[in-house]
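Asker: Below you will find the structure I want to go over with you.
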Amino acid sequence: MRKQKLTPTAARMKAIRDKRYAMSEDRKSKKAENQRKRRAAKKAGKNIKGKDYDHDTNSFVSIKKNRGGFGKGTKNEKHINIIIFSVNSSNTSL
């Protein structure tokens, strides 16, 4: 997948939005859960190479399958509440 073609200002704003989303409590808890599950699976001797933990099915699935809601898209996912905060133009540094 190639990189988006964004203006420098748009790229900076996107980086701020992405960082804010990645540091949300929901994402932090999912990252921590993923680390626990991966460590446990490796300890149990399971081959999880090339797989991601899917929080909806509670299992390891291929990275390809874990994108886009298993072919149905993500538009109708009700459990995701993304709040996009307005970003002050003076707060554009990362």
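We name chains A, B, ... following the order of the structure tokens; residues begin at 1 in each chain, and ligands are numbered from 1 as shown.
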Quick one: everything within 8 Å of segment 21-37 of chain A, counting only C-alpha atoms, minus sequence neighbours fewer than 3 positions away in the same chain. Send it as a ChimeraX atom specification.
Answerer: /A:17-18,40-41,53,55,82
Asker: Calculate how many Å separate atom CA of Ser59 of chain A from atom CA of Lys72 of chain A, rounding to one decimal.
Answerer: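 Spanning atom CA of Ser59 of chain A to atom CA of Lys72 of chain A is a straight-line distance of 18.3 Å.
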Asker: For the structure I just gave you, how does DSSP split segment 20-70 of chain A - specifically, which residues are helix (DSSP H, G or I)? Reply as a PyMOL selection string.
Answerer: chain A and resi 20-22+25-43
Asker: Store the residues picked out above in a file with C-alpha atoms, as a compact mmCIF listing (two decimals), in the first residue's frame.
Answerer:
# COMPACT_ATOMS: atom_id res chain seq x y z
CA ARG A 20 -4.39 11.02 19.44
CA TYR A 21 -6.33 7.92 18.34
CA ALA A 22 -3.40 5.57 19.00
CA GLU A 25 -7.68 4.41 26.31
CA ASP A 26 -9.43 1.96 23.97
CA ARG A 27 -6.35 1.52 21.75
CA LYS A 28 -4.02 1.28 24.76
CA SER A 29 -6.10 -1.51 26.27
CA LYS A 30 -6.27 -3.37 22.93
CA LYS A 31 -2.50 -3.08 22.47
CA ALA A 32 -1.89 -4.40 25.97
CA GLU A 33 -4.35 -7.26 25.43
CA ASN A 34 -2.69 -8.10 22.12
CA GLN A 35 0.74 -8.26 23.79
CA ARG A 36 -0.57 -10.56 26.54
CA LYS A 37 -2.26 -12.88 24.02
CA ARG A 38 0.81 -13.03 21.74
CA ARG A 39 3.15 -13.82 24.64
CA ALA A 40 0.81 -16.53 25.91
CA ALA A 41 0.43 -18.04 22.42
CA LYS A 42 4.20 -18.11 21.87
CA LYS A 43 4.71 -19.66 25.29
Asker: Interatomic distance between atom CA of Asp52 of chain A and atom CA of Lys64 of chain A?
Answerer: 9.0 Å
